[in-house]
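A.B. asks: Coordinates in coords-v6.txt, compact mmCIF, C-alpha atoms, are listed below.
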# COMPACT_ATOMS: atom_id res chain seq x y z
CA MET F 4 -8.07 -7.22 10.89
CA GLN F 5 -8.70 -10.46 9.02
CA ALA F 6 -6.01 -13.08 8.48
CA LYS F 7 -3.09 -11.36 6.76
CA SER F 8 -3.10 -11.98 3.04
CA GLY F 9 0.21 -12.16 1.23
CA VAL F 10 2.05 -9.43 -0.60
CA ILE F 11 3.95 -9.28 -3.86
CA VAL F 12 7.51 -8.15 -4.55
CA VAL F 13 8.57 -7.85 -8.18
CA LEU F 14 12.20 -7.74 -9.26
CA SER F 15 13.07 -6.73 -12.79
CA GLY F 16 16.30 -5.74 -14.41
CA PRO F 17 18.47 -6.65 -17.36
CA SER F 18 20.34 -9.90 -17.65
CA GLY F 19 23.71 -9.05 -16.08
CA SER F 20 22.28 -6.71 -13.43
CA GLY F 21 22.99 -9.30 -10.76
CA LYS F 22 19.32 -9.96 -10.10
CA SER F 23 19.65 -13.75 -9.86
CA SER F 24 22.60 -13.56 -7.46
CA LEU F 25 20.65 -11.10 -5.31
CA ILE F 26 17.64 -13.41 -5.19
CA ASN F 27 19.83 -16.38 -4.27
CA LYS F 28 21.43 -14.32 -1.51
CA ILE F 29 18.20 -13.01 0.06
CA GLU F 30 16.39 -16.35 -0.11
CA ASP F 31 18.21 -17.45 3.06
CA LYS F 32 16.90 -14.42 4.94
CA LEU F 33 13.26 -14.85 3.95
CA ASP F 34 10.65 -17.15 5.35
CA HIS F 35 7.10 -17.99 4.30
CA TYR F 36 7.70 -16.96 0.71
CA TYR F 37 7.01 -18.31 -2.74
CA ILE F 38 9.09 -17.54 -5.81
CA SER F 39 6.86 -17.45 -8.84
CA ILE F 40 7.78 -19.98 -11.49
CA SER F 41 6.90 -19.61 -15.16
CA THR F 42 4.95 -22.20 -17.09
CA THR F 43 6.25 -23.25 -20.50
CA THR F 44 5.59 -25.62 -23.35
CA ARG F 45 9.24 -25.83 -24.35
CA PRO F 46 11.06 -29.12 -23.74
CA VAL F 47 13.04 -29.67 -20.53
CA ARG F 48 16.73 -28.84 -20.97
CA GLY F 49 19.66 -30.46 -19.18
CA GLN F 50 19.22 -30.60 -15.41
CA GLU F 51 15.98 -28.59 -15.32
CA VAL F 52 13.36 -29.80 -12.85
CA ASN F 53 9.59 -29.46 -13.30
CA GLY F 54 8.19 -27.18 -10.57
CA GLU F 55 11.61 -25.74 -9.84
CA ASP F 56 12.89 -24.18 -13.03
CA TYR F 57 9.56 -24.11 -14.84
CA PHE F 58 6.22 -25.82 -14.80
CA PHE F 59 6.54 -27.86 -17.98
CA VAL F 60 3.18 -28.50 -19.65
CA SER F 61 1.86 -29.56 -23.06
CA LYS F 62 0.67 -27.02 -25.60
CA GLU F 63 -2.89 -28.36 -25.13
CA GLU F 64 -2.80 -27.70 -21.37
CA PHE F 65 -1.34 -24.25 -21.92
CA LEU F 66 -4.03 -23.28 -24.44
CA GLN F 67 -6.78 -24.57 -22.14
CA ASP F 68 -5.39 -22.45 -19.27
CA ILE F 69 -5.34 -19.38 -21.50
CA LYS F 70 -9.01 -20.06 -22.30
CA ASP F 71 -9.80 -20.39 -18.59
CA ASN F 72 -8.09 -17.06 -17.83
CA TYR F 73 -5.50 -18.76 -15.66
CA PHE F 74 -2.63 -16.75 -17.09
CA LEU F 75 -1.61 -13.39 -15.74
CA GLU F 76 0.38 -12.93 -18.93
CA HIS F 77 1.83 -15.13 -21.62
CA ALA F 78 3.94 -14.87 -24.73
CA VAL F 79 5.23 -17.04 -27.55
CA VAL F 80 8.99 -17.12 -28.04
CA HIS F 81 10.52 -19.18 -30.88
CA GLY F 82 7.26 -21.13 -31.15
CA ASN F 83 7.16 -22.03 -27.44
CA TYR F 84 4.61 -20.69 -24.96
CA TYR F 85 5.76 -19.02 -21.74
CA GLY F 86 3.44 -17.62 -19.10
CA THR F 87 2.73 -16.82 -15.47
CA SER F 88 -0.07 -18.96 -14.10
CA LEU F 89 -2.28 -17.28 -11.51
CA ARG F 90 -3.10 -20.46 -9.60
CA PRO F 91 0.07 -20.94 -7.52
CA ILE F 92 0.20 -17.18 -6.88
CA GLN F 93 -3.31 -17.04 -5.51
CA THR F 94 -2.68 -20.07 -3.33
CA ALA F 95 0.50 -18.50 -1.92
CA LEU F 96 -1.25 -15.17 -1.27
CA LYS F 97 -4.07 -16.94 0.59
CA GLU F 98 -1.45 -18.60 2.75
CA GLY F 99 -0.15 -15.12 3.62
CA ARG F 100 3.13 -15.65 1.81
CA LEU F 101 5.49 -13.13 0.29
CA VAL F 102 5.33 -13.83 -3.43
CA LEU F 103 8.54 -12.94 -5.24
CA PHE F 104 8.69 -12.42 -9.00
CA ASP F 105 11.74 -12.30 -11.21
CA ILE F 106 10.02 -10.98 -14.30
CA ASP F 107 10.42 -8.52 -17.18
CA VAL F 108 8.84 -5.10 -17.58
CA GLN F 109 5.75 -6.44 -19.37
CA GLY F 110 5.24 -9.00 -16.61
CA HIS F 111 5.58 -6.25 -14.00
CA ALA F 112 2.89 -4.17 -15.73
CA ALA F 113 0.51 -7.16 -15.76
CA ILE F 114 1.10 -7.92 -12.06
CA ARG F 115 0.62 -4.26 -11.06
CA ASP F 116 -2.61 -4.22 -13.02
CA LYS F 117 -3.93 -7.34 -11.29
CA PHE F 118 -2.66 -6.63 -7.73
CA PRO F 119 -2.25 -2.83 -7.45
CA ASP F 120 -2.62 -2.68 -3.67
CA ILE F 121 -0.15 -5.35 -2.52
CA ILE F 122 2.68 -4.91 -5.03
CA THR F 123 6.11 -3.43 -4.34
CA SER F 124 8.40 -3.39 -7.36
CA ILE F 125 12.12 -2.92 -7.72
CA PHE F 126 14.19 -2.35 -10.82
CA ILE F 127 17.77 -3.57 -10.51
CA THR F 128 20.43 -2.16 -12.78
CA THR F 129 24.17 -1.89 -13.22
CA PRO F 130 25.70 1.57 -12.65
CA SER F 131 26.21 1.97 -16.42
CA LEU F 132 25.77 0.34 -19.80
CA ALA F 133 29.56 -0.13 -19.95
CA GLU F 134 29.42 -2.10 -16.69
CA LEU F 135 26.59 -4.25 -18.09
CA LYS F 136 28.71 -5.00 -21.19
CA HIS F 137 31.65 -5.80 -18.95
CA ARG F 138 29.63 -8.21 -16.82
CA LEU F 139 28.04 -9.92 -19.82
CA SER F 140 31.35 -10.33 -21.65
CA GLY F 141 32.69 -12.06 -18.54
CA ARG F 142 30.18 -14.85 -19.15
CA ALA F 143 31.75 -17.59 -21.25
CA THR F 144 28.32 -18.69 -22.43
CA GLU F 145 27.41 -15.49 -24.26
CA THR F 146 28.01 -15.26 -28.01
CA LYS F 147 28.42 -11.82 -29.57
CA ASP F 148 24.90 -12.01 -31.05
CA ILE F 149 23.28 -12.93 -27.75
CA MET F 150 25.20 -10.15 -26.01
CA GLN F 151 24.00 -7.59 -28.58
CA GLU F 152 20.42 -8.81 -28.09
CA ARG F 153 20.75 -8.57 -24.30
CA LEU F 154 22.10 -5.03 -24.49
CA SER F 155 19.30 -3.98 -26.80
CA ILE F 156 16.68 -5.54 -24.44
CA ALA F 157 18.38 -3.81 -21.48
CA LYS F 158 18.04 -0.40 -23.14
CA LYS F 159 14.35 -1.04 -23.77
CA GLU F 160 13.84 -2.18 -20.18
CA LEU F 161 15.52 0.94 -18.80
CA SER F 162 12.87 3.03 -20.55
CA HIS F 163 10.28 1.49 -18.16
CA ILE F 164 12.26 2.24 -15.02
CA LYS F 165 9.84 4.89 -13.75
CA GLU F 166 7.02 2.36 -13.52
CA TYR F 167 8.84 0.83 -10.53
CA ASP F 168 8.50 1.79 -6.88
CA TYR F 169 12.27 1.55 -6.33
CA VAL F 170 15.40 1.61 -8.46
CA LEU F 171 18.46 -0.12 -7.03
CA VAL F 172 21.83 0.46 -8.66
CA ASN F 173 23.72 -2.75 -7.99
CA ASP F 174 27.19 -1.34 -7.57
CA ASP F 175 28.14 -2.74 -4.16
CA PHE F 176 26.56 -6.20 -3.85
CA GLU F 177 26.26 -6.28 -0.03
CA GLN F 178 24.76 -2.80 0.03
CA THR F 179 22.21 -3.81 -2.60
CA VAL F 180 21.32 -6.94 -0.60
CA ASN F 181 20.66 -4.80 2.46
CA ALA F 182 18.59 -2.29 0.51
CA LEU F 183 16.56 -5.12 -0.99
CA LEU F 184 15.91 -6.59 2.44
CA ASP F 185 14.82 -3.16 3.76
CA ILE F 186 12.35 -2.81 0.91
CA ILE F 187 11.01 -6.33 1.47
CA GLN F 188 10.57 -5.64 5.21
CA ALA F 189 8.39 -2.65 4.35
CA ALA F 190 6.61 -4.48 1.52
CA LYS F 191 5.44 -7.12 4.02
CA LEU F 192 3.54 -4.39 5.88
CA LYS F 193 1.29 -3.66 2.90
CA LYS F 194 -2.35 -4.54 3.29
CA SER F 195 -4.75 -5.60 0.56
CA ALA F 196 -7.80 -3.49 -0.29
CA VAL F 197 -10.00 -6.32 1.03
CA GLU F 198 -8.16 -6.39 4.36
CA ILE F 199 -8.50 -2.61 4.69
CA ASP F 200 -12.21 -2.62 3.84
CA ASP F 201 -12.75 -5.34 6.38
CA PHE F 202 -10.71 -3.44 8.98
CA VAL F 203 -12.60 -0.16 8.46
CA SER F 204 -16.03 -1.78 8.69
CA LYS F 205 -15.03 -3.57 11.92
CA TRP F 206 -13.32 -0.42 13.25
CA LEU F 207 -16.55 1.58 12.97
CA GLN F 208 -18.56 -1.11 14.76
CA ASN F 209 -16.28 -1.58 17.74
CA MET B 11 23.50 9.22 -10.17
CA GLN B 12 23.31 12.87 -9.18
CA ALA B 13 23.43 14.00 -5.55
CA LYS B 14 20.62 12.23 -3.71
CA SER B 15 17.59 14.44 -3.30
CA GLY B 16 15.48 13.99 -0.20
CA VAL B 17 12.34 11.92 0.23
CA ILE B 18 9.04 12.53 1.98
CA VAL B 19 7.29 10.45 4.62
CA VAL B 20 3.74 11.45 5.55
CA LEU B 21 2.07 10.31 8.75
CA SER B 22 -1.64 10.80 9.18
CA GLY B 23 -4.10 9.41 11.67
CA PRO B 24 -6.73 10.56 14.12
CA SER B 25 -5.92 12.41 17.29
CA GLY B 26 -5.52 9.60 19.81
CA SER B 27 -3.92 7.17 17.36
CA GLY B 28 -0.60 7.64 19.10
CA LYS B 29 0.96 9.40 16.13
CA SER B 30 2.74 12.09 18.17
CA SER B 31 4.25 9.57 20.60
CA LEU B 32 5.43 7.50 17.65
CA ILE B 33 7.09 10.52 16.05
CA ASN B 34 8.79 11.46 19.33
CA LYS B 35 10.04 7.89 19.67
CA ILE B 36 11.45 7.54 16.17
CA GLU B 37 13.09 10.98 16.11
CA ASP B 38 16.01 9.57 18.12
CA LYS B 39 16.64 6.93 15.47
CA LEU B 40 16.59 9.26 12.50
CA ASP B 41 19.30 11.51 11.18
CA HIS B 42 19.42 14.15 8.49
CA TYR B 43 15.67 14.76 8.67
CA TYR B 44 13.33 17.72 8.83
CA ILE B 45 9.88 17.64 10.42
CA SER B 46 7.58 19.94 8.51
CA ILE B 47 6.17 22.77 10.61
CA SER B 48 2.94 24.58 9.78
CA THR B 49 2.72 28.33 9.32
CA THR B 50 -0.08 30.18 11.07
CA THR B 51 -1.44 33.66 11.69
CA ARG B 52 -2.91 32.75 15.08
CA PRO B 53 -1.27 34.26 18.17
CA VAL B 54 1.43 32.34 20.04
CA ARG B 55 -0.04 30.36 22.97
CA GLY B 56 1.72 29.56 26.26
CA GLN B 57 5.19 28.06 25.78
CA GLU B 58 4.98 27.82 21.98
CA VAL B 59 8.17 28.70 20.11
CA ASN B 60 8.35 30.23 16.64
CA GLY B 61 10.03 27.79 14.24
CA GLU B 62 9.42 24.87 16.57
CA ASP B 63 5.67 24.61 17.12
CA TYR B 64 4.67 26.80 14.20
CA PHE B 65 6.07 29.51 12.01
CA PHE B 66 4.09 32.48 13.36
CA VAL B 67 3.52 35.17 10.73
CA SER B 68 1.24 38.14 10.19
CA LYS B 69 -1.90 37.87 8.08
CA GLU B 70 -0.26 40.18 5.50
CA GLU B 71 2.77 37.90 5.14
CA PHE B 72 0.52 34.85 4.88
CA LEU B 73 -1.63 36.41 2.14
CA GLN B 74 1.47 37.47 0.21
CA ASP B 75 2.82 33.92 0.36
CA ILE B 76 -0.49 32.55 -0.93
CA LYS B 77 -0.22 34.99 -3.85
CA ASP B 78 3.36 33.86 -4.53
CA ASN B 79 2.27 30.18 -4.57
CA TYR B 80 4.44 29.41 -1.58
CA PHE B 81 1.78 27.29 0.10
CA LEU B 82 1.34 23.62 -0.59
CA GLU B 83 -2.06 23.90 1.08
CA HIS B 84 -3.76 26.27 3.48
CA ALA B 85 -7.00 26.63 5.36
CA VAL B 86 -8.81 29.10 7.59
CA VAL B 87 -9.90 27.80 11.01
CA HIS B 88 -11.80 30.09 13.40
CA GLY B 89 -10.59 33.09 11.41
CA ASN B 90 -6.89 32.10 11.60
CA TYR B 91 -4.82 30.96 8.63
CA TYR B 92 -2.90 27.69 8.76
CA GLY B 93 -0.76 26.33 5.94
CA THR B 94 2.23 24.32 4.82
CA SER B 95 4.89 26.52 3.27
CA LEU B 96 6.87 24.95 0.44
CA ARG B 97 10.07 26.88 1.12
CA PRO B 98 11.52 24.94 4.08
CA ILE B 99 10.44 21.67 2.42
CA GLN B 100 12.26 22.41 -0.81
CA THR B 101 15.37 23.49 1.08
CA ALA B 102 15.34 20.26 3.11
CA LEU B 103 14.82 18.12 -0.01
CA LYS B 104 17.74 19.82 -1.76
CA GLU B 105 19.88 18.99 1.26
CA GLY B 106 18.92 15.34 0.75
CA ARG B 107 16.93 15.20 3.98
CA LEU B 108 14.09 12.92 4.96
CA VAL B 109 11.11 15.28 5.28
CA LEU B 110 8.53 14.05 7.77
CA PHE B 111 4.96 15.33 7.80
CA ASP B 112 2.37 14.95 10.54
CA ILE B 113 -0.61 16.09 8.51
CA ASP B 114 -4.29 15.36 7.85
CA VAL B 115 -5.80 13.56 4.88
CA GLN B 116 -6.23 16.77 2.84
CA GLY B 117 -2.61 17.68 3.46
CA HIS B 118 -1.54 14.19 2.39
CA ALA B 119 -3.45 14.53 -0.89
CA ALA B 120 -1.76 17.88 -1.59
CA ILE B 121 1.73 16.49 -0.87
CA ARG B 122 1.15 13.40 -3.02
CA ASP B 123 -0.02 15.64 -5.82
CA LYS B 124 3.10 17.82 -5.60
CA PHE B 125 5.72 15.10 -4.93
CA PRO B 126 4.26 11.85 -6.37
CA ASP B 127 7.60 10.11 -6.91
CA ILE B 128 9.32 10.60 -3.54
CA ILE B 129 6.38 10.22 -1.13
CA THR B 130 5.71 7.29 1.19
CA SER B 131 2.59 7.67 3.29
CA ILE B 132 1.39 5.89 6.39
CA PHE B 133 -1.99 6.01 8.08
CA ILE B 134 -1.85 5.28 11.80
CA THR B 135 -4.96 4.11 13.59
CA THR B 136 -6.16 2.51 16.80
CA PRO B 137 -7.41 -1.08 16.53
CA SER B 138 -11.01 0.14 16.94
CA LEU B 139 -13.25 3.16 17.44
CA ALA B 140 -13.86 1.99 21.03
CA GLU B 141 -10.12 2.06 21.67
CA LEU B 142 -9.91 5.58 20.22
CA LYS B 143 -12.72 6.71 22.57
CA HIS B 144 -10.93 5.04 25.45
CA ARG B 145 -7.64 6.79 24.68
CA LEU B 146 -9.27 10.18 24.18
CA SER B 147 -11.31 9.94 27.38
CA GLY B 148 -8.08 9.27 29.26
CA ARG B 149 -6.95 12.78 28.34
CA ALA B 150 -7.94 15.21 31.08
CA THR B 151 -7.86 18.08 28.61
CA GLU B 152 -10.68 16.84 26.40
CA THR B 153 -14.20 18.16 26.95
CA LYS B 154 -17.13 16.05 25.78
CA ASP B 155 -17.71 18.36 22.80
CA ILE B 156 -14.08 18.24 21.68
CA MET B 157 -14.11 14.46 22.01
CA GLN B 158 -17.26 14.18 19.87
CA GLU B 159 -15.66 16.39 17.26
CA ARG B 160 -12.45 14.33 17.31
CA LEU B 161 -14.39 11.09 16.85
CA SER B 162 -16.36 12.53 13.98
CA ILE B 163 -13.14 13.75 12.30
CA ALA B 164 -11.59 10.32 12.90
CA LYS B 165 -14.45 8.58 11.08
CA LYS B 166 -14.06 10.94 8.11
CA GLU B 167 -10.28 10.37 8.04
CA LEU B 168 -10.70 6.59 8.05
CA SER B 169 -12.65 6.92 4.79
CA HIS B 170 -9.40 8.10 3.13
CA ILE B 171 -7.31 5.22 4.41
CA LYS B 172 -6.86 3.59 0.98
CA GLU B 173 -5.05 6.65 -0.35
CA TYR B 174 -2.09 5.69 1.87
CA ASP B 175 0.78 3.39 0.97
CA TYR B 176 0.68 1.73 4.39
CA VAL B 177 -1.81 1.33 7.23
CA LEU B 178 -0.38 0.70 10.69
CA VAL B 179 -2.69 -0.43 13.46
CA ASN B 180 -1.07 0.96 16.59
CA ASP B 181 -1.95 -1.81 19.01
CA ASP B 182 1.48 -2.71 20.37
CA PHE B 183 3.53 0.50 20.56
CA GLU B 184 7.00 -1.09 20.19
CA GLN B 185 5.84 -3.17 17.25
CA THR B 186 4.43 -0.08 15.55
CA VAL B 187 7.70 1.80 16.15
CA ASN B 188 9.62 -1.01 14.44
CA ALA B 189 7.19 -1.18 11.53
CA LEU B 190 7.45 2.58 11.10
CA LEU B 191 11.25 2.41 11.07
CA ASP B 192 11.16 -0.39 8.48
CA ILE B 193 8.93 1.71 6.23
CA ILE B 194 11.18 4.75 6.65
CA GLN B 195 14.28 2.66 5.81
CA ALA B 196 12.64 1.67 2.53
CA ALA B 197 11.26 5.17 1.90
CA LYS B 198 14.80 6.55 2.00
CA LEU B 199 15.65 4.38 -1.01
CA LYS B 200 13.11 6.15 -3.24
CA LYS B 201 14.50 8.21 -6.07
CA SER B 202 12.99 11.31 -7.61
CA ALA B 203 11.92 11.38 -11.25
CA VAL B 204 14.71 13.90 -11.94
CA GLU B 205 17.33 11.63 -10.40
CA ILE B 206 16.06 8.69 -12.46
CA ASP B 207 16.00 10.68 -15.71
CA ASP B 208 19.51 11.84 -15.00
CA PHE B 209 20.62 8.30 -14.20
CA VAL B 210 19.12 6.80 -17.37
CA SER B 211 20.65 9.42 -19.65
CA LYS B 212 24.08 8.88 -18.08
CA TRP B 213 23.59 5.09 -18.06
CA LEU B 214 23.12 5.05 -21.82
CA GLN B 215 26.22 7.16 -22.43
CA ASN B 216 28.64 5.19 -20.30
Take the structure in the file and give it back as structure tokens.
C.D. replies:
Amino acid sequence: MQAKSGVIVVLSGPSGSGKSSLINKIEDKLDHYYISISTTTRPVRGQEVNGEDYFFVSKEEFLQDIKDNYFLEHAVVHGNYYGTSLRPIQTALKEGRLVLFDIDVQGHAAIRDKFPDIITSIFITTPSLAELKHRLSGRATETKDIMQERLSIAKKELSHIKEYDYVLVNDDFEQTVNALLDIIQAAKLKKSAVEIDDFVSKWLQN
Amino acid sequence: MQAKSGVIVVLSGPSGSGKSSLINKIEDKLDHYYISISTTTRPVRGQEVNGEDYFFVSKEEFLQDIKDNYFLEHAVVHGNYYGTSLRPIQTALKEGRLVLFDIDVQGHAAIRDKFPDIITSIFITTPSLAELKHRLSGRATETKDIMQERLSIAKKELSHIKEYDYVLVNDDFEQTVNALLDIIQAAKLKKSAVEIDDFVSKWLQN
């Protein structure tokens, strides 16, 4: 079989599902991975670092990349462009890396469409809407309006849950971490269509 | 979430791929599982045990079960009926068991069709056709004709390899055992469409 190409793991789930904490926790246990970073035209805020939090680019660059089909998906939010550039993903896949996405349901659909054979996707959720409310209201930063918006987005996201390979109910954090690591172990064993074609043609000849 | 329903793991691969040895090896590490057994109308041979090697039934019983839609798939080989009865599978799934199938590519297609949401499938193969020949010729029981037939079936099966979720090249036995166990760990985390529907409707209410 040819040099192993990388695989993709997508994590989605409402704000408050614990997705970010889970990703932080599992990062220590992974090697040879790349966490996909979004590209945006919005200004840098506070301590944000280019290439860590986002790739910060000008509107001109962003529009040129759209033209060149470099975006897997993009959207405009409050006048700012946000998108997922294909370039770093393709580089990471060629290097045989595990590419991890923290992305919404639309992003998941776009990635599945582009990489159907090497994707494993996981939807992370709280055990209940009440628990989501509880977790969000524990955040000092959330105003009532933002919380209402988050809850409404969460309900919409839940309606896409069946598009995912796995659903993890993040009730017990350690248990969810272990489940996530099990899924990633298996995900790494996926082979791309190109790898399989190559394998079969060599298999028949030898 | 409602009581966990079972999940399905399908193993396919040519005779000589090492599939049976792999299943024997992993059986010790599994619990709460059921290995699907075929039903047949052919006479019992040698030491075969009803309910272990096959479910042995009369032609009349078999035909009645076909009529009652109790077969997931069936075929006639040399005048004998062979099939996969749905009854023990549905019982095992209700008990929340891992249901393991050692079945050919047609059987896999039928199972995927019937249980699309809870299936994880794995195709096991030798590294090459030459290695398959080598392994088959090491078996004292194989005549030249049977070996030719096995190789020809193997080539046909390989053409279905992309229908599987995972392809495992059984080069190093221990490594393949570990990969198989990783995939099964993840497979056990799958949820049925019914479970997910139930979860979402409860999620929204609580």
A.B. asks: Do a neighbour search on stretch 14-18 of chain F at 10 Å with all atoms listed in the file, toss out local chain neighbours closer than 3 positions, and write the hits as a VMD selection string.
C.D. replies: chain F and resid 11 21 to 23 25 to 26 103 to 111 123 to 129 135 138 to 139 150 153 to 161 164 167 169 to 171 183
A.B. asks: Quick one, how far is atom CA of F:Leu33 from atom CA of F:Asp185?
C.D. replies: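 Interatomic distance, atom CA of F:Leu33 to atom CA of F:Asp185: 11.8 Å.
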A.B. asks: Set out as JSON lines a contact list for chain B and chain F with a cut-off of 8 Å, giving each residue of chain B that qualifies its closest atom pair and distance in Å to one decimal, counting only C-alpha atoms, ordered by chain and rising residue number.
C.D. replies:
{"residue": "B:Pro137", "atom": "CA", "partner": "F:Trp206", "partner_atom": "CA", "distance": 6.8}
{"residue": "B:Ser138", "atom": "CA", "partner": "F:Trp206", "partner_atom": "CA", "distance": 4.4}
{"residue": "B:Leu139", "atom": "CA", "partner": "F:Trp206", "partner_atom": "CA", "distance": 5.5}
{"residue": "B:Ala140", "atom": "CA", "partner": "F:Asn209", "partner_atom": "CA", "distance": 5.4}
{"residue": "B:Lys165", "atom": "CA", "partner": "F:Leu207", "partner_atom": "CA", "distance": 7.5}
{"residue": "B:Leu168", "atom": "CA", "partner": "F:Val203", "partner_atom": "CA", "distance": 7.0}
{"residue": "B:Ser169", "atom": "CA", "partner": "F:Val203", "partner_atom": "CA", "distance": 8.0}
{"residue": "B:Ile171", "atom": "CA", "partner": "F:Ile199", "partner_atom": "CA", "distance": 7.9}
{"residue": "B:Lys172", "atom": "CA", "partner": "F:Ala196", "partner_atom": "CA", "distance": 7.3}
{"residue": "B:Asp175", "atom": "CA", "partner": "F:Lys193", "partner_atom": "CA", "distance": 7.3}
{"residue": "B:Tyr176", "atom": "CA", "partner": "F:Lys193", "partner_atom": "CA", "distance": 5.6}
{"residue": "B:Val177", "atom": "CA", "partner": "F:Lys194", "partner_atom": "CA", "distance": 7.1}
{"residue": "B:Ala189", "atom": "CA", "partner": "F:Ala189", "partner_atom": "CA", "distance": 7.4}
{"residue": "B:Asp192", "atom": "CA", "partner": "F:Ala189", "partner_atom": "CA", "distance": 5.5}
{"residue": "B:Ile193", "atom": "CA", "partner": "F:Ala189", "partner_atom": "CA", "distance": 4.8}
{"residue": "B:Gln195", "atom": "CA", "partner": "F:Asp185", "partner_atom": "CA", "distance": 6.2}
{"residue": "B:Ala196", "atom": "CA", "partner": "F:Ile186", "partner_atom": "CA", "distance": 4.8}
{"residue": "B:Leu199", "atom": "CA", "partner": "F:Tyr169", "partner_atom": "CA", "distance": 6.9}
{"residue": "B:Lys200", "atom": "CA", "partner": "F:Tyr169", "partner_atom": "CA", "distance": 5.6}
{"residue": "B:Lys201", "atom": "CA", "partner": "F:Tyr169", "partner_atom": "CA", "distance": 7.0}
{"residue": "B:Ala203", "atom": "CA", "partner": "F:Lys165", "partner_atom": "CA", "distance": 7.3}
{"residue": "B:Ile206", "atom": "CA", "partner": "F:Lys165", "partner_atom": "CA", "distance": 7.4}
{"residue": "B:Val210", "atom": "CA", "partner": "F:Leu161", "partner_atom": "CA", "distance": 7.0}
{"residue": "B:Lys212", "atom": "CA", "partner": "F:Ser131", "partner_atom": "CA", "distance": 7.4}
{"residue": "B:Trp213", "atom": "CA", "partner": "F:Ser131", "partner_atom": "CA", "distance": 4.4}
{"residue": "B:Leu214", "atom": "CA", "partner": "F:Leu132", "partner_atom": "CA", "distance": 5.8}
{"residue": "B:Gln215", "atom": "CA", "partner": "F:Leu132", "partner_atom": "CA", "distance": 7.3}
{"residue": "B:Asn216", "atom": "CA", "partner": "F:Ala133", "partner_atom": "CA", "distance": 5.4}
A.B. asks: Next, dump the selected residues to file, keeping only C-alpha atoms, as a PDB file, keeping the file's coordinate frame.
C.D. replies:
ATOM      1  CA  PRO B 137      -7.410  -1.080  16.530  1.00  0.00           C
ATOM      2  CA  SER B 138     -11.010   0.140  16.940  1.00  0.00           C
ATOM      3  CA  LEU B 139     -13.250   3.160  17.440  1.00  0.00           C
ATOM      4  CA  ALA B 140     -13.860   1.990  21.030  1.00  0.00           C
ATOM      5  CA  LYS B 165     -14.450   8.580  11.080  1.00  0.00           C
ATOM      6  CA  LEU B 168     -10.700   6.590   8.050  1.00  0.00           C
ATOM      7  CA  SER B 169     -12.650   6.920   4.790  1.00  0.00           C
ATOM      8  CA  ILE B 171      -7.310   5.220   4.410  1.00  0.00           C
ATOM      9  CA  LYS B 172      -6.860   3.590   0.980  1.00  0.00           C
ATOM     10  CA  ASP B 175       0.780   3.390   0.970  1.00  0.00           C
ATOM     11  CA  TYR B 176       0.680   1.730   4.390  1.00  0.00           C
ATOM     12  CA  VAL B 177      -1.810   1.330   7.230  1.00  0.00           C
ATOM     13  CA  ALA B 189       7.190  -1.180  11.530  1.00  0.00           C
ATOM     14  CA  ASP B 192      11.160  -0.390   8.480  1.00  0.00           C
ATOM     15  CA  ILE B 193       8.930   1.710   6.230  1.00  0.00           C
ATOM     16  CA  GLN B 195      14.280   2.660   5.810  1.00  0.00           C
ATOM     17  CA  ALA B 196      12.640   1.670   2.530  1.00  0.00           C
ATOM     18  CA  LEU B 199      15.650   4.380  -1.010  1.00  0.00           C
ATOM     19  CA  LYS B 200      13.110   6.150  -3.240  1.00  0.00           C
ATOM     20  CA  LYS B 201      14.500   8.210  -6.070  1.00  0.00           C
ATOM     21  CA  ALA B 203      11.920  11.380 -11.250  1.00  0.00           C
ATOM     22  CA  ILE B 206      16.060   8.690 -12.460  1.00  0.00           C
ATOM     23  CA  VAL B 210      19.120   6.800 -17.370  1.00  0.00           C
ATOM     24  CA  LYS B 212      24.080   8.880 -18.080  1.00  0.00           C
ATOM     25  CA  TRP B 213      23.590   5.090 -18.060  1.00  0.00           C
ATOM     26  CA  LEU B 214      23.120   5.050 -21.820  1.00  0.00           C
ATOM     27  CA  GLN B 215      26.220   7.160 -22.430  1.00  0.00           C
ATOM     28  CA  ASN B 216      28.640   5.190 -20.300  1.00  0.00           C
TER      29      ASN B 216
END
A.B. asks: Which one is closest to B:Ala85: B:Tyr64, B:Val204, B:Gly56, B:Thr50? Count only C-alpha atoms.
C.D. replies: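 Closest to B:Ala85 of all the choices is B:Thr50.
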A.B. asks: Please write out, as lines of an AutoDock Vina configuration file, where the centre of an axis-aligned box around all listed atoms of stretch 178-187 of chain B lies and how long its edges are, in Å to one decimal, after adding 8 Å on each side.
C.D. replies:
center_x = 2.5
center_y = -0.7
center_z = 15.6
size_x = 26.4
size_y = 21.0
size_z = 25.9
A.B. asks: Would you kindly return, as number ranges by chain, each protein, DNA or RNA residue with an atom no farther than 12 Å from any atom of B:Tyr44, considering all atoms listed in the file and excluding same-chain residues fewer than 2 positions away?
C.D. replies: B: 16-20, 33, 37, 40-42, 46-47, 61-62, 98-112
A.B. asks: Counting only C-alpha atoms, which residue out of F:Thr44, F:Asn173, F:Ser8, F:Thr87 sits closest to F:Val60?
C.D. replies: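 When distances to F:Val60 are compared using only C-alpha atoms, the smallest one comes from F:Thr44.
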A.B. asks: Would you compute the distance between atom CA of B:Asp75 and atom CA of B:Glu58? Give it in Å to one decimal.
C.D. replies: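 Here the two named atoms are 22.6 Å from each other.
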A.B. asks: Please indicate the distance in Å from atom CA of F:Glu64 to atom CA of F:Val47, rounded to one decimal place.
C.D. replies: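 So the answer is 16.0 Å.
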A.B. asks: Would you kindly return, as a list in words, each protein, DNA or RNA residue with an atom no farther than 6 Å from any atom of B:Tyr80, considering all atoms listed in the file and excluding same-chain residues fewer than 3 positions away?
C.D. replies: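 Neighbouring residues, sequence-local ones excluded: Asp75, Ile76, Ser95 and Leu96 of chain B.
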